[in-house]
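Q: Quick one: the structure is below, questions incoming.
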There are 4 protein chains.
Amino acid sequence: MFFASDNAGPTHPLIMSALTDANAGYAMPYGADPLMDEVRTQIRHLFEAPEAAVYLVATGTAANSLALATLSQPWQTVFCSPVAHIHEDECNAPEFFSGGAKLTLVPGTDKMTPKALADTIAQEETRGVHGPQRGPVSITQVTERGSVYSLAELQALSDVAKAHNLPVHLDGARFANALVQLNCTPAEMTWKSGIDALSLGGTKNGCMGVEAVVFFDPDKAWEFELRRKRGAHLFSKHRFLSAQMAAYLRDDLWLTTARAANAACAQLAEGLRAAGASFLHTPDANMIFAAFPRAAHRRLHEAGAVYHIWSGELDGEDPDEMLAARLVCDWSMTTDQIDRFLSHLG
Amino acid sequence: MFFASDNAGPTHPLIMSALTDANAGYAMPYGADPLMDEVRTQIRHLFEAPEAAVYLVATGTAANSLALATLSQPWQTVFCSPVAHIHEDECNAPEFFSGGAKLTLVPGTDKMTPKALADTIAQEETRGVHGPQRGPVSITQVTERGSVYSLAELQALSDVAKAHNLPVHLDGARFANALVQLNCTPAEMTWKSGIDALSLGGTKNGCMGVEAVVFFDPDKAWEFELRRKRGAHLFSKHRFLSAQMAAYLRDDLWLTTARAANAACAQLAEGLRAAGASFLHTPDANMIFAAFPRAAHRRLHEAGAVYHIWSGELDGEDPDEMLAARLVCDWSMTTDQIDRFLSHLG
Amino acid sequence: MFFASDNAGPTHPLIMSALTDANAGYAMPYGADPLMDEVRTQIRHLFEAPEAAVYLVATGTAANSLALATLSQPWQTVFCSPVAHIHEDECNAPEFFSGGAKLTLVPGTDKMTPKALADTIAQEETRGVHGPQRGPVSITQVTERGSVYSLAELQALSDVAKAHNLPVHLDGARFANALVQLNCTPAEMTWKSGIDALSLGGTKNGCMGVEAVVFFDPDKAWEFELRRKRGAHLFSKHRFLSAQMAAYLRDDLWLTTARAANAACAQLAEGLRAAGASFLHTPDANMIFAAFPRAAHRRLHEAGAVYHIWSGELDGEDPDEMLAARLVCDWSMTTDQIDRFLSHLG
Amino acid sequence: MFFASDNAGPTHPLIMSALTDANAGYAMPYGADPLMDEVRTQIRHLFEAPEAAVYLVATGTAANSLALATLSQPWQTVFCSPVAHIHEDECNAPEFFSGGAKLTLVPGTDKMTPKALADTIAQEETRGVHGPQRGPVSITQVTERGSVYSLAELQALSDVAKAHNLPVHLDGARFANALVQLNCTPAEMTWKSGIDALSLGGTKNGCMGVEAVVFFDPDKAWEFELRRKRGAHLFSKHRFLSAQMAAYLRDDLWLTTARAANAACAQLAEGLRAAGASFLHTPDANMIFAAFPRAAHRRLHEAGAVYHIWSGELDGEDPDEMLAARLVCDWSMTTDQIDRFLSHLG
């Protein structure tokens with residue numbers, strides 16, 4: 001019963017096989033492997049973006065930080081949600097890779113609204129050289145609270161950015177989970193909605209450790225390559241990144257795993273709802289934030305369930321007090337595990 | 001006939017198996033996986049360093065840059081060879097990770113000599129706040145020219161550093177290749193010779209992509225952890241780094257693969273010598289820099305041999321002109337490939 | 001009628017004389033001038049801090065950024081007010097000098113409250129290496145809204161910081177204006193209230209361009225010196241910084257000029273109050289934020305008054321609409337100018 | 001007898017007067033003062049560069065570091081002499097301001113030769129993303145060894161740079177001293193010789209503390225302004241920088257003071273030559289590197305002469321051993337001081 005994160009699950013067998021298949025003889029290092037050609041072709045095709053620049057790195061923080069550094073200048077500020085991964089969970093990596101850019105938090109508790117974004121950008125009004133200059137907008141899809149922006153919502157946010165001539169980055173660590181939820185095309189969820197650069201997650205959805213960075217306008221491609229190398233994120237045995245991503249995108253595996261994770265989450269949410277849990281956010285994809293009584297949390301912990309207590313303390317007197325949990329399902333979550341989890345709710 | 005680099009070879013089957021074995025169910029992310037406990041224990045045992053701090057990253061540049069940044073301050077200078085990887089092949093990564101430290105080149109064409117190091121440190125004389133402050137000394141073992149420092153040479157270099165109270169870093173991308181050549185213990189080649197921090201290579205010697213960083217004094221361990229995360233080099237599915245390193249160190253696999261690479265190189269060197277090639281550096285481990293006639297280079301290229309022309313141009317008139325090649329053997333190099341290579345020498 | 005800022009006024013004649021007096025023959029450069037010895041002695045005496053490390057720079061942003069960089073690490077976050085100069089008016093200089101530290105905004109519109117600070121620090125809860133680490137607290141005295149913290153308020157804030165073992169920086173660009181208002185000693189307003197490092201402003205209060213940085217614990221003195229030089233803020237003809245600061249502190253000139261500025265401000269505030277203006281913040285020192293009708297603003301602008309419209313637009317239809325002004329008095333502000341200003345209020 | 005540096009002399013009386021004149025009432029801060037308009041016009045006129053972007057900072061290190069950062073990228077390397085101020089005397093400021101660029105040293109002991117520059121640039125051959133990318137060339141005029149490049153030499157160096165499409169920076173801390181020596185126009189010594197950006201020194205030649213940065217192509221002007229502010233080098237009471245530079249350039253004062261310094265140096269050199277001293281470099285401007293016996297050094301030190309012993313130790317047995325001195329004359333050096341100095345030579 002492991003619901004702590006989708007970054008703790010196994011690698012999908014097809015991706016393991018692809019690694020084994022790739023492990024024959026020598027291959028040119030540093031991204032010159034033939035598998036990378038396949039990945040580039042796949043992504044350009046899937047995203048209907050024949051000119052896109054496509055790169056691989058091994059961590060989501062690397063994808064985000066390198067993409068944002070490429071889109072920004074050190075004297076700018078990046079607009080993002082207060083709960084964005086780039087703000088809360090990357091130990092100042094975006095500040096580091098950008099050379100000291102700032103992050104300006106757009107007020108909100110989950111999805112960024114166009115109004116809040118517009119107001120925040122407006123507040124960073126022109127003070128000449130004194131204030132930070134306006135930089136990229138970074139949107140997270142699926143959000144860190146498990147919500148999925150609709151295409152109209154994405155478009156509305158990028159419209160605000162474009163009105164100020166600001167580039168838009170999408171942190172898609174859970175891109176596929178959103179994509180299958182919206183049942184739209186990758187192009188629709190990115191450049192057709194005004195996204196300029198994408199961190200396309202693989203690790204949380206069945207890969208061993210690979211993320212793609214996609215620039216729909218290849219103008220900054222060479223700068224990104226230099227930043228990646230300088231950031232020590234260029235792999236010599238790059239074929240093992242390529243092999244993962246190629247297998248991930250082949251035959252819709254990424255959609256299959258994402259659907260599995262979302263379906264597991266839906267099953268879990270239904271059970272929680274039936275058991276009387278209340279939801280802090282609507283679980284659109286594969287993450288749930290739900291509150292239920294301390295007594296149930298205690299039973300779950302005793303039974304070995306692993307997940308984050310989101311608010312409140314497990315130690316406490318009142319067994320009926322509601323504590324919130326963050327519950328994440330990865331592609332490998334089984335019905336059995338979920339049933340066992342639900343059986344402890346009471 | 002692939003002699004371009006040991007970073008282009010395959011992953012050893014035992015390491016592939018270890019990855020498969022590690023791929024069962026959930027594992028705590030970010031280095032909290034049980035396999036990392038095994039790695040820590042292995043390295044502390046192998047290096048007779050029960051207090052050592054041990055971390056994993058995926059690239060050699062990350063290992064070097066993060067280690068050096070942890071040992072230095074932005075207003076210091078790192079002393080290294082003009083041919084050091086950190087100077088020539090990391091696109092300013094050490095400068096980036098250190099926040100702008102300088103690299104001071106100790107004159108020489110291969111191994112650093114204690115005299116040259118002492119003179120260079122002395123030249124960076126105290127100019128108060130005006131010049132850069134003296135920082136760590138970084139030594140490469142095996143060197144980028146294929147030479148191996150003896151234990152006495154390592155000790156002499158670190159003695160110079162210690163006389164100025166400077167920490168010593170060892171870039172051990174090819175650590176095992178040197179170790180089997182010297183036939184000494186890991187402890188002798190590191191902390192017993194005055195090394196404070198080690199980049200312990202795995203990738204070039206049979207791993208898929210993993211390097212360890214070892215601090216023999218754990219005082220800076222927490223700072224390193226923060227730098228690793230901030231540099232986007234902390235893996236969520238960390239078990240797949242751990243699994244590689246654990247398998248690499250288990251049952252002396254790292255020594256076995258290093259011996260294989262060195263033996264292949266010795267065979268190749270012998271053949272080259274027999275064919276009349278001249279050597280730019282003594283090939284102590286698994287790299288050769290040797291000169292032979294342009295005509296032989298042409299035959300090799302036509303036959304599909306892949307390696308770097310180190311000096312001179314393949315295109316040129318005189319078939320007898322001597323061009324130098326850099327030839328690297330990895331653990332998987334076969335006698336057959338070497339024989340085929342040698343057969344073209346003429 | 002110049003009320004735009006106290007950074008636009010003239011240099012006090014006594015400071016001009018001191019510059020002339022200092023301009024005789026040669027003086028050792030880079031802070032080794034005898035006048036700097038005098039400054040060091042003055043500040044240590046005035047602040048009852050015989051061990052304090054004392055340095056001079058030419059701009060307030062340099063003082064703040066260098067002090068905060070010295071107190072922090074790149075993976076930390078600095079706690080400050082959303083209206084702090086370091087956040088709003090330094091174009092990411094703190095991020096730059098610190099090597100990429102973050103600024104965490106403590107909610108509020110003017111003075112930081114101990115409760116808000118404590119809550120914010122608590123929210124930056126321990127997430128291991130994932131979030132930024134907690135770093136220094138920076139307090140502004142006089143605040144950017146013209147308020148002055150009482151000694152008890154300063155102590156309460158530094159108590160919160162100390163409870164988390166965090167150092168406290170005071171941005172004292174208008175230090176003297178607060179000091180004369182509180183009628184306390186420099187020691188009481190700094191280290192006796194828990195302040196670890198001080199930016200002591202001179203420029204806004206009669207100097208030509210000089211700020212002191214004072215570390216009450218001299219432990220980080222050498223690091224600061226290196227940071228200052230590396231930041232290009234060490235003056236060769238340093239005596240001209242020393243001369244300003246020495247004259248500023250001699251015979252209580254700094255208190256005299258601060259009292260003049262505060263008195264002018266009080267006169268202006270009284271006139272505004274009499275004219276029916278409303279105040280956005282209580283004007284404790286030499287800055288006023290007051291609202292009065294658009295028609296009065298228009299008359300003032302036509303008469304050549306220079307100041308910032310803080311909210312609202314001068315262009316607008318309704319002559320009775322209240323627009324806020326930011327009005328700052330420097331030490332040279334005359335009664336006559338204030339009377340002229342008030343005469344236009346209507 | 002102060003020959004330690006031209007950065008330790010007094011401010012010229014005309015510049016002191018200009019400061020006093022500028023000290024009337026209020027002036028718009030941050031470079032919006034009318035005197036800055038005058039400076040901009042002066043420099044554009046003197047340099048025959050009507051489009052040039054012109055900025056002021058207070059230190060030479062700021063001028064150099066900000067200019068080079070604006071011309072480079074963090075993954076590039078700056079080509080300069082091993083004795084360049086930016087390499088030896090700025091405590092890694094260029095590395096800091098550029099965000100981690102490298103400095104590649106062009107072998108030589110004084111003036112850079114076109115051949116050495118070309119060879120060095122060629123050695124930084126294209127290694128794709130692995131090595132640093134080629135960045136600006138920085139030339140120092142007057143060199144740190146007191147030599148002056150001819151116009152032909154400057155042109156030859158910039159021709160090498162332009163052949164690789166690299167921008168050229170001139171560190172002109174002693175620009176006027178070179179200009180009067182060459183007896184050419186400012187345009188000839190800069191953009192007509194291929195210089196793209198200039199650090200135009202004032203401090204060492206009679207100013208209190210001001211340097212101009214001039215970009216002959218204004219394309220990067222706004223970026224420089226942001227870098228200056230972010231580097232904490234934008235003065236609020238900017239008029240006091242403007243006043244210095246305006247007075248410095250008015251009525252050829254800069255040439256007058258430079259001629260005085262060079263003439264003093266020539267007198268000193270003649271006396272040294274007559275006394276049998278040997279010269280390490282030809283003293284083209286206002287700096288001398290000359291060797292004479294230890295006994296003479298001892299007499300000078302006892303008589304209170306202040307200068308740097310460049311090589312050798314004052315303490316030593318042999319009174320006839322030759323020790324080298326670095327001797328710098330500023331504009332205020334008197335014939336009397338020089339005569340007294342020479343009188344001790346023997």
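In the structure tokens, chains take the letters A, B, ... in the order shown, each chain's residues start at 1, and ligands count up from 1 in the order shown.
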Output the contact residues of chain A with respect to chain B at a cut-off of 6 Å, based on only C-alpha atoms, as a list of chain:residue names.
A: A:Asn7, A:Ala8, A:Gly9, A:Pro10, A:Asn23, A:Gly25, A:Tyr26, A:Ala27, A:Met28, A:Pro29, A:Thr61, A:Ala62, A:Cys91, A:Asn92, A:Ala93, A:Arg230, A:Ala232, A:Ser236, A:Lys237
Q: If we count only C-alpha atoms, what is near region 284-292 of chain D at a cut-off of 9 Å, once residues fewer than 6 positions away on the same chain are taken out, given as a ChimeraX atom specification?
A: /D:5-6,142,144-148,174,177-178,180-181,258-259,261-266,268-269,272-273,275-278,310-311,320-330,345
Q: Could you tell me how far CA of Gln73 (chain A) sits from CA of Glu51 (chain D), in Å to one decimal place?
A: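 About the pair CA of Glu51 (chain D) and CA of Gln73 (chain A): they are 25.3 Å apart.
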Q: Would you please give, as a compact mmCIF listing (two decimals) with N, CA and C atoms, in the first residue's frame, all residues of region 183-261 of chain B that DSSP assigns to alpha helix (DSSP H) based on the backbone?
A:
```txt
# COMPACT_ATOMS: atom_id res chain seq x y z
N ALA B 221 29.05 16.80 4.51
CA ALA B 221 28.07 15.90 3.90
C ALA B 221 26.75 16.61 3.61
N TRP B 222 26.24 17.32 4.58
CA TRP B 222 24.93 17.95 4.41
C TRP B 222 24.98 19.02 3.33
N GLU B 223 26.06 19.79 3.31
CA GLU B 223 26.20 20.79 2.25
C GLU B 223 26.19 20.10 0.88
N PHE B 224 26.87 18.98 0.78
CA PHE B 224 26.87 18.27 -0.51
C PHE B 224 25.46 17.84 -0.89
N GLU B 225 24.72 17.36 0.07
CA GLU B 225 23.36 16.90 -0.24
C GLU B 225 22.50 18.05 -0.78
N LEU B 226 22.66 19.22 -0.17
CA LEU B 226 21.90 20.37 -0.64
C LEU B 226 22.37 20.81 -2.02
N ARG B 227 23.67 20.79 -2.22
CA ARG B 227 24.19 21.15 -3.55
C ARG B 227 23.72 20.16 -4.62
N ARG B 228 23.68 18.87 -4.27
CA ARG B 228 23.23 17.87 -5.24
C ARG B 228 21.78 18.12 -5.62
N LYS B 229 20.92 18.35 -4.64
CA LYS B 229 19.51 18.60 -4.93
C LYS B 229 19.37 19.89 -5.75
N ARG B 230 20.02 20.94 -5.31
CA ARG B 230 19.94 22.23 -6.00
C ARG B 230 20.49 22.14 -7.42
N ARG B 239 17.04 4.17 -6.45
CA ARG B 239 17.46 2.77 -6.36
C ARG B 239 18.18 2.29 -7.62
N PHE B 240 17.87 2.93 -8.76
CA PHE B 240 18.50 2.48 -9.99
C PHE B 240 19.93 3.01 -10.13
N LEU B 241 20.27 4.02 -9.38
CA LEU B 241 21.69 4.36 -9.24
C LEU B 241 22.35 3.41 -8.25
N SER B 242 21.67 3.21 -7.13
CA SER B 242 22.24 2.34 -6.09
C SER B 242 22.50 0.94 -6.63
N ALA B 243 21.53 0.43 -7.40
CA ALA B 243 21.65 -0.94 -7.88
C ALA B 243 22.89 -1.10 -8.76
N GLN B 244 23.14 -0.10 -9.59
CA GLN B 244 24.32 -0.16 -10.44
C GLN B 244 25.60 -0.20 -9.61
N MET B 245 25.68 0.74 -8.67
CA MET B 245 26.92 0.85 -7.90
C MET B 245 27.11 -0.37 -7.00
N ALA B 246 26.02 -0.87 -6.45
CA ALA B 246 26.13 -2.04 -5.58
C ALA B 246 26.66 -3.24 -6.39
N ALA B 247 26.11 -3.42 -7.58
CA ALA B 247 26.56 -4.54 -8.41
C ALA B 247 27.99 -4.33 -8.89
N TYR B 248 28.32 -3.09 -9.14
CA TYR B 248 29.66 -2.75 -9.64
C TYR B 248 30.73 -3.11 -8.61
N LEU B 249 30.42 -2.88 -7.35
CA LEU B 249 31.41 -3.11 -6.30
C LEU B 249 31.35 -4.53 -5.73
N LEU B 253 33.56 -6.87 -9.13
CA LEU B 253 33.25 -6.67 -10.55
C LEU B 253 34.01 -5.47 -11.11
N TRP B 254 34.08 -4.38 -10.33
CA TRP B 254 34.77 -3.19 -10.82
C TRP B 254 36.23 -3.47 -11.16
N LEU B 255 36.86 -4.37 -10.40
CA LEU B 255 38.26 -4.72 -10.67
C LEU B 255 38.35 -5.62 -11.90
N THR B 256 37.39 -6.50 -12.00
CA THR B 256 37.36 -7.42 -13.15
C THR B 256 37.22 -6.64 -14.45
N THR B 257 36.29 -5.72 -14.49
CA THR B 257 36.10 -4.95 -15.74
C THR B 257 37.31 -4.06 -16.00
N ALA B 258 37.87 -3.48 -14.96
CA ALA B 258 39.04 -2.63 -15.16
C ALA B 258 40.22 -3.44 -15.68
N ARG B 259 40.38 -4.63 -15.13
CA ARG B 259 41.49 -5.47 -15.61
C ARG B 259 41.28 -5.84 -17.08
N ALA B 260 40.04 -6.11 -17.44
CA ALA B 260 39.76 -6.45 -18.82
C ALA B 260 40.10 -5.29 -19.75
N ALA B 261 39.72 -4.10 -19.35
CA ALA B 261 40.00 -2.92 -20.19
C ALA B 261 41.51 -2.69 -20.29
```
Q: Could you go through region 150-244 of chain A and tell me which residues DSSP, when run on the backbone, assigns to strand (DSSP E or B), listing them as a list in words?
A: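 Of region 150-244 of chain A, the ones in strand (DSSP E or B) are Val168, His169, Leu170, Asp171, Gly172, Ala197, Leu198, Ser199, Leu200, Gly201, Glu211, Ala212, Val213, Val214 and Phe215 of chain A.
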Q: Store the residues picked out above in a file with all heavy atoms, as a short mmCIF file (atom, residue, chain, number, x, y, z; two decimals), in the first residue's frame.
A:
```cif
data_model
loop_
_atom_site.label_atom_id
_atom_site.label_comp_id
_atom_site.auth_asym_id
_atom_site.auth_seq_id
_atom_site.Cartn_x
_atom_site.Cartn_y
_atom_site.Cartn_z
N VAL A 168 5.96 30.99 -22.09
CA VAL A 168 5.23 30.11 -21.18
C VAL A 168 5.88 28.73 -21.14
O VAL A 168 6.13 28.12 -22.18
CB VAL A 168 3.76 29.97 -21.62
CG1 VAL A 168 2.99 29.09 -20.63
CG2 VAL A 168 3.10 31.33 -21.74
N HIS A 169 6.14 28.30 -19.92
CA HIS A 169 6.72 26.97 -19.68
C HIS A 169 5.67 26.09 -19.03
O HIS A 169 4.90 26.56 -18.18
CB HIS A 169 7.92 27.12 -18.73
CG HIS A 169 8.38 25.82 -18.13
ND1 HIS A 169 8.15 25.49 -16.80
CD2 HIS A 169 9.03 24.77 -18.67
CE1 HIS A 169 8.68 24.30 -16.55
NE2 HIS A 169 9.21 23.84 -17.66
N LEU A 170 5.63 24.84 -19.44
CA LEU A 170 4.72 23.89 -18.81
C LEU A 170 5.54 22.82 -18.10
O LEU A 170 6.34 22.11 -18.73
CB LEU A 170 3.81 23.24 -19.86
CG LEU A 170 2.64 22.43 -19.28
CD1 LEU A 170 1.57 23.37 -18.70
CD2 LEU A 170 2.00 21.54 -20.34
N ASP A 171 5.36 22.74 -16.80
CA ASP A 171 5.96 21.64 -16.03
C ASP A 171 5.03 20.44 -16.16
O ASP A 171 4.01 20.36 -15.48
CB ASP A 171 6.13 22.06 -14.56
CG ASP A 171 6.68 20.90 -13.72
OD1 ASP A 171 6.85 19.77 -14.25
OD2 ASP A 171 6.93 21.12 -12.52
N GLY A 172 5.42 19.53 -17.06
CA GLY A 172 4.57 18.37 -17.34
C GLY A 172 5.14 17.10 -16.73
O GLY A 172 5.20 16.07 -17.40
N ALA A 197 7.65 26.05 -24.06
CA ALA A 197 8.63 25.02 -23.69
C ALA A 197 7.98 24.07 -22.70
O ALA A 197 7.21 24.49 -21.83
CB ALA A 197 9.87 25.65 -23.08
N LEU A 198 8.32 22.81 -22.84
CA LEU A 198 7.67 21.76 -22.05
C LEU A 198 8.69 20.89 -21.35
O LEU A 198 9.67 20.44 -21.97
CB LEU A 198 6.84 20.89 -23.02
CG LEU A 198 6.30 19.55 -22.46
CD1 LEU A 198 5.25 19.80 -21.38
CD2 LEU A 198 5.74 18.69 -23.59
N SER A 199 8.46 20.64 -20.06
CA SER A 199 9.14 19.54 -19.37
C SER A 199 8.20 18.34 -19.44
O SER A 199 7.12 18.36 -18.82
CB SER A 199 9.38 19.90 -17.90
OG SER A 199 10.15 21.06 -17.78
N LEU A 200 8.60 17.35 -20.20
CA LEU A 200 7.73 16.20 -20.45
C LEU A 200 8.20 15.03 -19.59
O LEU A 200 9.24 14.43 -19.85
CB LEU A 200 7.80 15.82 -21.94
CG LEU A 200 7.12 14.51 -22.36
CD1 LEU A 200 5.64 14.51 -22.00
CD2 LEU A 200 7.29 14.28 -23.86
N GLY A 201 7.41 14.74 -18.58
CA GLY A 201 7.83 13.75 -17.60
C GLY A 201 7.75 12.32 -18.07
O GLY A 201 6.82 11.95 -18.79
N GLU A 211 13.37 12.53 -18.56
CA GLU A 211 12.41 13.59 -18.85
C GLU A 211 12.86 14.23 -20.16
O GLU A 211 14.06 14.36 -20.40
CB GLU A 211 12.44 14.68 -17.75
CG GLU A 211 12.41 14.15 -16.32
CD GLU A 211 11.02 13.81 -15.79
OE1 GLU A 211 10.11 14.64 -15.95
OE2 GLU A 211 10.87 12.69 -15.24
N ALA A 212 11.90 14.62 -20.96
CA ALA A 212 12.27 15.36 -22.18
C ALA A 212 12.03 16.85 -21.95
O ALA A 212 11.17 17.24 -21.16
CB ALA A 212 11.42 14.88 -23.35
N VAL A 213 12.83 17.66 -22.62
CA VAL A 213 12.56 19.09 -22.69
C VAL A 213 12.30 19.40 -24.15
O VAL A 213 13.11 19.02 -25.02
CB VAL A 213 13.73 19.93 -22.16
CG1 VAL A 213 13.44 21.41 -22.31
CG2 VAL A 213 14.00 19.58 -20.70
N VAL A 214 11.18 20.05 -24.41
CA VAL A 214 10.80 20.35 -25.78
C VAL A 214 10.63 21.85 -25.94
O VAL A 214 9.89 22.48 -25.17
CB VAL A 214 9.47 19.64 -26.14
CG1 VAL A 214 9.11 19.89 -27.61
CG2 VAL A 214 9.53 18.15 -25.83
N PHE A 215 11.35 22.42 -26.90
CA PHE A 215 11.16 23.83 -27.27
C PHE A 215 10.44 23.85 -28.61
O PHE A 215 10.99 23.37 -29.61
CB PHE A 215 12.50 24.55 -27.40
CG PHE A 215 13.20 24.77 -26.09
CD1 PHE A 215 14.11 23.85 -25.61
CD2 PHE A 215 12.93 25.91 -25.32
CE1 PHE A 215 14.75 24.05 -24.39
CE2 PHE A 215 13.57 26.11 -24.11
CZ PHE A 215 14.48 25.17 -23.63
#
```
Q: So how many Å separate CA of Leu46 (chain B) and CA of Ala187 (chain B), to one decimal?
A: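 It comes out at 7.5 Å.
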